[in-house]
Amino acid sequence: METIASVLVPVAVPKAYTYKVPPGQSVVPGTIVRVPLGPREVVGAVWDIEPDAAINPKKLKSITRVYDQTPPLDEDLRRFVDWVANWTLGAPGMVLRMVLRSEEALESEPPVPGVRRVEGAEPERQTSARRRVLETMEDGFAWTRSGLARAAGVSPSVIDGLIQQNVLEVVSMPAAPPPPKPQLDYARKKLTDAQEAVAAGLVSTFEKGTGVTLIDGVTGSGKTEVYFEAIAEALRRERQALVLLPEIALTEQFLRRYEQRFGVYPAEWHSEITPKNRARVWRGVASGDVRVVIGARSSLFLPFRELGLIIVDEEHDAAFKQDDRVPYSARDMAVVRGHISGFPVVLASATPSVESHVNAEIGRYTLYELPERASGAALPDLQAIDMRLDGPERGRWLAPRLVHAIKDTFAAGDQSLLFLNRRGYAPLTLCRTCGHRFQCAHCSAWLVEHRFQKRLVCHHCGHFEPVPDNCPSCQSANSLVACGPGVERVAEEVSDLFPQARTLVLSSDLPGGPERLKREMKIVEEGGADIIIGTQLVAKGHNFPKMKLVGVIDADLGLAHGDPRAAEKTFQLLAQVTGRAGRVTGGGRGLLQTYNADHPVIKGLLSGDKHAFYQAEIEARRVAGLPPFGRLAAVVVSGPDKIFAEGYARALARAAPPDEAVTLLGPAEAALAMVRGRHRYRLLTMAPRQFDLQSYLRRWLNQGPKPTKGLRVQIDIDPQHF
Ligand code: ADP
Ligand code: ZN
Ligand code: ZN
């Protein structure tokens, strides 16, 4: 009799499929396998679900490959995948897909033949595909056939052709040597007493096993140095450690600091690493050769062999929430992963989320505070500039007091940062003659002018078009005007005012990509720029020793949202960005341009009484039954046809099982009513904290009308926006 197994496949179906195990092969739960699925083959994993023995064995397809050189996904990771699927109401296979992110890692299973360039050999006839292959091979290394095809973006037959022509030769791939191990006592900074106390606390949590610690420490308080000690402790206990950062742009500086502390670089994991590195890290994590990973939220799903610590730095950051496919919060899921496997989790921030604050208050998390900077430097002196009274002249964006402060800072040889959370030149372009506004054809959003690139760009779907000479509606020439400022426009004003200063715009969308950004961050860090104009990218975690002044161009920007989280988010962002000033040497200043100087967020920032702000915010949430005192889930219906999508959303709302505990709002058009040509309607459910909202939603969606072709229903548990 043949054996059969359940295999979870990386597609959005609610269950696992049953396959035959090829004769002579054996699998256990967690074994990674390749299986046929419809017309294609996919990589999945054997799952601990009873296979369906009732299916006629003749109808069963067979596993086509068993990756027996790769360790099976362990029980903890499998339970984590199930947990995330259950929590997000996502398909377990879609969560598994986040684990199996590196097909290269599997395809490079040793022993594996590779290909190498034969020195001096050229193809008989050069084609662009062949050229791409040879260019990809310029590093001189051997590649796997499939890895090379993917990296060069060609079909594997191109590579076979080059092998036939003896331009490439087949070799066996050498096993890569394991990366060097971190040295625990390479260079430990002498910690301050306050840091020492927190470090000791973190180290002691390993005795208890599981547990979450929140480090609430002001910007520059030395949180990083402190949690390095937790990493050292995990390593001492022969466990692996993971540090989650919200922003790829932050990793470069972090890697260097880590190297200074431990004498080697940690492994990196995020969307920008090359397929080859991805494979190396994935395999190293699974084999245990890689001890420490620093990465984006997706690294939470790496198949660690013996993970023993997760640190979530800047834990309040919204970037930890993934919004598409499987919407999940990496911060919350890090806590879950620690709980399942029984290891400590550390959350760190200068402005913790209201959720984590409350968890600390009720004793669910252990709280440590670092109220002072490690260097002893004072926190920046913050002041508001009331734009109603002291604003700039029309068409200018910098108030005279801010200009003055920049001048002084520049004269003293220090750096200024001007912060505006708006990419591009101007948020809106319109025709002065007829009032025409440029809107994205696929989204309900204005097109944003990017003057460096001479384009109008949609920030939601990436659509762009050239800036026309004439108005497309009334054909007037020279009638287009830019309304409002973006970073590029502020940079223009700065260059006008300070032609001698070295000015730099830091924004995620400038040509040159992440590599350029990394270089520019380094330039700022080393003092190679005088005035920096940046988006929220510069707000996060960076250490810029020469930065003395932070000017916030529009402190009210985030408050304009009708979102109850707006106050918290704005407070965090502005505290973070002004916290860049005077981090090491003190003497920092922050100037906030605002039309709402009396707003609680602005007042909370200026008074420096963070606790008062948080207490008021927490109280307001408690009264309104908002998170973390109540639970929320959004149900987003989308489809290409507006009327159809709306009709379905209404039918779904009518089918909601009545339950006193649940409040149902909507359907309403989503804040972004159309994205990429899909019309979106949103239903919001609210329930008390103890209520099992997931079961309720499952019941609802099971008995409600099924989405027909073209319609999509997505559940977002704990949505960022309510
Ligand atoms: P945070 O993560 O809280 O923002 P960092 O760990 O980045 O703070 O520290 C801020 C600055 O202070 C860094 O330049 C860091 O090197 C320095 N620093 C931190 N702890 C110490 C210490 N004990 N002795 C000397 N310098 C320190
Ligand atoms: Zn016009
Ligand atoms: Zn668009």
# chains A, B, ... in the order shown; residues from 1 in each chain; ligands from 1
call {"tool": "select_by_dssp", "arguments": {"residues": "stretch 323-558 of chain A", "states": "alpha helix (DSSP H)", "output": "number ranges by chain"}}
result
A: 330-341, 354-361, 387-390, 400-411, 487-497, 513-525
call {"tool": "residues_near_ligand", "arguments": {"ligand": "ligand 1", "cutoff": "10 Å", "atoms": "only C-alpha atoms and all ligand atoms", "output": "JSON, numbers by chain"}}
result
{"A": [188, 189, 190, 191, 192, 193, 194, 195, 196, 215, 216, 217, 218, 219, 220, 221, 222, 223, 224, 225, 226, 227, 228, 253, 254, 257, 313, 314, 348, 349, 350, 370, 371, 372, 373, 374, 375, 376, 377, 540, 541, 542, 543, 544, 545, 576, 579, 580, 583, 584, 585]}
call {"tool": "write_last_selection", "arguments": {"atoms": "C-alpha atoms", "output": "PDB file, in the first residue's frame"}}
result
ATOM      1  CA  ARG A 188      30.766  46.165  24.884  1.00  0.00           C
ATOM      2  CA  LYS A 189      30.163  49.862  25.571  1.00  0.00           C
ATOM      3  CA  LYS A 190      30.294  50.836  29.206  1.00  0.00           C
ATOM      4  CA  LEU A 191      26.608  51.230  29.937  1.00  0.00           C
ATOM      5  CA  THR A 192      25.146  53.925  32.144  1.00  0.00           C
ATOM      6  CA  ASP A 193      23.579  52.793  35.413  1.00  0.00           C
ATOM      7  CA  ALA A 194      20.117  53.187  33.949  1.00  0.00           C
ATOM      8  CA  GLN A 195      21.049  51.118  30.898  1.00  0.00           C
ATOM      9  CA  GLU A 196      22.771  48.532  33.065  1.00  0.00           C
ATOM     10  CA  ILE A 215      11.577  49.444  26.711  1.00  0.00           C
ATOM     11  CA  ASP A 216      10.168  52.950  26.678  1.00  0.00           C
ATOM     12  CA  GLY A 217      13.257  55.109  26.300  1.00  0.00           C
ATOM     13  CA  VAL A 218      13.581  58.616  24.877  1.00  0.00           C
ATOM     14  CA  THR A 219      15.391  59.065  21.573  1.00  0.00           C
ATOM     15  CA  GLY A 220      19.090  58.563  22.181  1.00  0.00           C
ATOM     16  CA  SER A 221      18.624  56.842  25.536  1.00  0.00           C
ATOM     17  CA  GLY A 222      20.714  53.914  24.363  1.00  0.00           C
ATOM     18  CA  LYS A 223      18.006  51.309  23.833  1.00  0.00           C
ATOM     19  CA  THR A 224      20.024  49.675  21.090  1.00  0.00           C
ATOM     20  CA  GLU A 225      23.074  49.204  23.305  1.00  0.00           C
ATOM     21  CA  VAL A 226      20.792  47.719  25.939  1.00  0.00           C
ATOM     22  CA  TYR A 227      19.110  45.164  23.748  1.00  0.00           C
ATOM     23  CA  PHE A 228      22.483  44.171  22.316  1.00  0.00           C
ATOM     24  CA  GLN A 253      23.432  51.974  10.161  1.00  0.00           C
ATOM     25  CA  PHE A 254      22.245  49.145  12.346  1.00  0.00           C
ATOM     26  CA  ARG A 257      26.618  49.275  14.946  1.00  0.00           C
ATOM     27  CA  ASP A 313      12.665  48.087  17.410  1.00  0.00           C
ATOM     28  CA  GLU A 314      10.452  51.150  16.855  1.00  0.00           C
ATOM     29  CA  ALA A 348      11.521  49.094  22.055  1.00  0.00           C
ATOM     30  CA  SER A 349      10.429  52.617  21.226  1.00  0.00           C
ATOM     31  CA  ALA A 350      10.711  56.232  22.270  1.00  0.00           C
ATOM     32  CA  LEU A 370      14.967  55.188  30.030  1.00  0.00           C
ATOM     33  CA  PRO A 371      13.947  58.817  30.501  1.00  0.00           C
ATOM     34  CA  GLU A 372      17.359  60.299  29.755  1.00  0.00           C
ATOM     35  CA  ARG A 373      19.771  60.256  26.881  1.00  0.00           C
ATOM     36  CA  ALA A 374      22.778  57.974  27.306  1.00  0.00           C
ATOM     37  CA  SER A 375      25.169  60.784  26.460  1.00  0.00           C
ATOM     38  CA  GLY A 376      23.614  62.962  29.144  1.00  0.00           C
ATOM     39  CA  ALA A 377      22.605  65.381  26.383  1.00  0.00           C
ATOM     40  CA  LYS A 540      12.914  56.758  12.254  1.00  0.00           C
ATOM     41  CA  GLY A 541      15.679  55.633  14.554  1.00  0.00           C
ATOM     42  CA  HIS A 542      18.628  57.223  12.752  1.00  0.00           C
ATOM     43  CA  ASN A 543      21.565  58.578  14.593  1.00  0.00           C
ATOM     44  CA  PHE A 544      22.819  61.785  12.963  1.00  0.00           C
ATOM     45  CA  PRO A 545      25.469  63.164  15.329  1.00  0.00           C
ATOM     46  CA  GLN A 576      10.603  60.810  16.664  1.00  0.00           C
ATOM     47  CA  GLY A 579      14.266  63.545  18.550  1.00  0.00           C
ATOM     48  CA  ARG A 580      16.892  63.537  15.786  1.00  0.00           C
ATOM     49  CA  ARG A 583      21.122  63.385  20.129  1.00  0.00           C
ATOM     50  CA  VAL A 584      24.741  63.063  21.112  1.00  0.00           C
ATOM     51  CA  THR A 585      25.907  66.511  22.112  1.00  0.00           C
TER      52      THR A 585
END
call {"tool": "closest_atom_pairs", "arguments": {"of": "chain A", "to": "ligand 3", "cutoff": "10 Å", "atoms": "only C-alpha atoms and all ligand atoms", "output": "tab-separated table"}}
result
residue	atom	partner	partner_atom_place_in_ligand_line	distance
A:Gln439	CA	ligand 3	1 (Zn)	8.2
A:Cys440	CA	ligand 3	1 (Zn)	4.8
A:Ala441	CA	ligand 3	1 (Zn)	6.5
A:His442	CA	ligand 3	1 (Zn)	4.8
A:Cys443	CA	ligand 3	1 (Zn)	4.2
A:Ser444	CA	ligand 3	1 (Zn)	7.2
A:Ala445	CA	ligand 3	1 (Zn)	6.5
A:Trp446	CA	ligand 3	1 (Zn)	8.3
A:Leu447	CA	ligand 3	1 (Zn)	7.8
A:Val457	CA	ligand 3	1 (Zn)	7.9
A:Cys458	CA	ligand 3	1 (Zn)	4.6
A:His459	CA	ligand 3	1 (Zn)	6.5
A:His460	CA	ligand 3	1 (Zn)	4.9
A:Cys461	CA	ligand 3	1 (Zn)	4.0
A:Gly462	CA	ligand 3	1 (Zn)	6.0
A:His463	CA	ligand 3	1 (Zn)	5.4
A:Phe464	CA	ligand 3	1 (Zn)	8.3
A:Met674	CA	ligand 3	1 (Zn)	8.3
A:Val675	CA	ligand 3	1 (Zn)	6.2
A:Arg676	CA	ligand 3	1 (Zn)	5.8
A:Gly677	CA	ligand 3	1 (Zn)	8.0
call {"tool": "residues_near_ligand", "arguments": {"ligand": "ligand 2", "cutoff": "9 Å", "atoms": "only C-alpha atoms and all ligand atoms", "output": "number ranges by chain"}}
result
A: 430-437, 470-477, 479-480
call {"tool": "write_last_selection", "arguments": {"atoms": "N, CA and C atoms", "output": "PDB file, in the first residue's frame"}}
result
ATOM      1  N   LEU A 430      -3.154  71.858 -10.620  1.00  0.00           N
ATOM      2  CA  LEU A 430      -4.411  72.203 -11.301  1.00  0.00           C
ATOM      3  C   LEU A 430      -4.207  73.276 -12.350  1.00  0.00           C
ATOM      4  N   CYS A 431      -5.225  73.404 -13.196  1.00  0.00           N
ATOM      5  CA  CYS A 431      -5.164  74.390 -14.269  1.00  0.00           C
ATOM      6  C   CYS A 431      -5.801  75.678 -13.772  1.00  0.00           C
ATOM      7  N   ARG A 432      -5.050  76.739 -13.884  1.00  0.00           N
ATOM      8  CA  ARG A 432      -5.492  78.040 -13.403  1.00  0.00           C
ATOM      9  C   ARG A 432      -6.648  78.581 -14.246  1.00  0.00           C
ATOM     10  N   THR A 433      -6.714  78.168 -15.498  1.00  0.00           N
ATOM     11  CA  THR A 433      -7.755  78.676 -16.393  1.00  0.00           C
ATOM     12  C   THR A 433      -9.098  77.972 -16.177  1.00  0.00           C
ATOM     13  N   CYS A 434      -9.078  76.618 -16.181  1.00  0.00           N
ATOM     14  CA  CYS A 434     -10.352  75.913 -16.123  1.00  0.00           C
ATOM     15  C   CYS A 434     -10.556  75.119 -14.842  1.00  0.00           C
ATOM     16  N   GLY A 435      -9.558  75.066 -13.987  1.00  0.00           N
ATOM     17  CA  GLY A 435      -9.726  74.347 -12.726  1.00  0.00           C
ATOM     18  C   GLY A 435      -9.505  72.847 -12.831  1.00  0.00           C
ATOM     19  N   HIS A 436      -9.078  72.371 -14.004  1.00  0.00           N
ATOM     20  CA  HIS A 436      -8.836  70.933 -14.162  1.00  0.00           C
ATOM     21  C   HIS A 436      -7.816  70.439 -13.135  1.00  0.00           C
ATOM     22  N   ARG A 437      -8.130  69.300 -12.502  1.00  0.00           N
ATOM     23  CA  ARG A 437      -7.193  68.686 -11.565  1.00  0.00           C
ATOM     24  C   ARG A 437      -6.745  67.355 -12.111  1.00  0.00           C
ATOM     25  N   ASN A 470       0.425  71.737 -22.089  1.00  0.00           N
ATOM     26  CA  ASN A 470      -0.870  72.424 -22.092  1.00  0.00           C
ATOM     27  C   ASN A 470      -1.852  71.677 -21.208  1.00  0.00           C
ATOM     28  N   CYS A 471      -2.857  72.379 -20.736  1.00  0.00           N
ATOM     29  CA  CYS A 471      -3.899  71.733 -19.942  1.00  0.00           C
ATOM     30  C   CYS A 471      -4.645  70.735 -20.825  1.00  0.00           C
ATOM     31  N   PRO A 472      -4.798  69.489 -20.401  1.00  0.00           N
ATOM     32  CA  PRO A 472      -5.479  68.497 -21.229  1.00  0.00           C
ATOM     33  C   PRO A 472      -6.970  68.786 -21.384  1.00  0.00           C
ATOM     34  N   SER A 473      -7.505  69.652 -20.530  1.00  0.00           N
ATOM     35  CA  SER A 473      -8.934  69.904 -20.583  1.00  0.00           C
ATOM     36  C   SER A 473      -9.271  71.128 -21.434  1.00  0.00           C
ATOM     37  N   CYS A 474      -8.569  72.261 -21.203  1.00  0.00           N
ATOM     38  CA  CYS A 474      -8.908  73.478 -21.945  1.00  0.00           C
ATOM     39  C   CYS A 474      -7.804  73.905 -22.908  1.00  0.00           C
ATOM     40  N   GLN A 475      -6.729  73.110 -22.964  1.00  0.00           N
ATOM     41  CA  GLN A 475      -5.617  73.352 -23.897  1.00  0.00           C
ATOM     42  C   GLN A 475      -4.837  74.639 -23.625  1.00  0.00           C
ATOM     43  N   SER A 476      -5.120  75.368 -22.539  1.00  0.00           N
ATOM     44  CA  SER A 476      -4.342  76.587 -22.261  1.00  0.00           C
ATOM     45  C   SER A 476      -2.871  76.236 -22.082  1.00  0.00           C
ATOM     46  N   ALA A 477      -2.022  77.129 -22.537  1.00  0.00           N
ATOM     47  CA  ALA A 477      -0.594  76.927 -22.329  1.00  0.00           C
ATOM     48  C   ALA A 477      -0.178  77.610 -21.024  1.00  0.00           C
ATOM     49  N   SER A 479      -0.657  77.115 -17.991  1.00  0.00           N
ATOM     50  CA  SER A 479      -1.707  77.430 -17.024  1.00  0.00           C
ATOM     51  C   SER A 479      -1.683  76.509 -15.817  1.00  0.00           C
ATOM     52  N   LEU A 480      -0.753  75.549 -15.804  1.00  0.00           N
ATOM     53  CA  LEU A 480      -0.757  74.594 -14.690  1.00  0.00           C
ATOM     54  C   LEU A 480      -0.033  75.170 -13.479  1.00  0.00           C
TER      55      LEU A 480
END
call {"tool": "atom_distance", "arguments": {"atom1": "atom CA of A:Gln415", "atom2": "atom CA of A:Asn596"}}
result
27.1 Å
call {"tool": "atom_distance", "arguments": {"atom1": "atom CA of A:Val636", "atom2": "atom CA of A:Val713"}}
result
5.6 Å
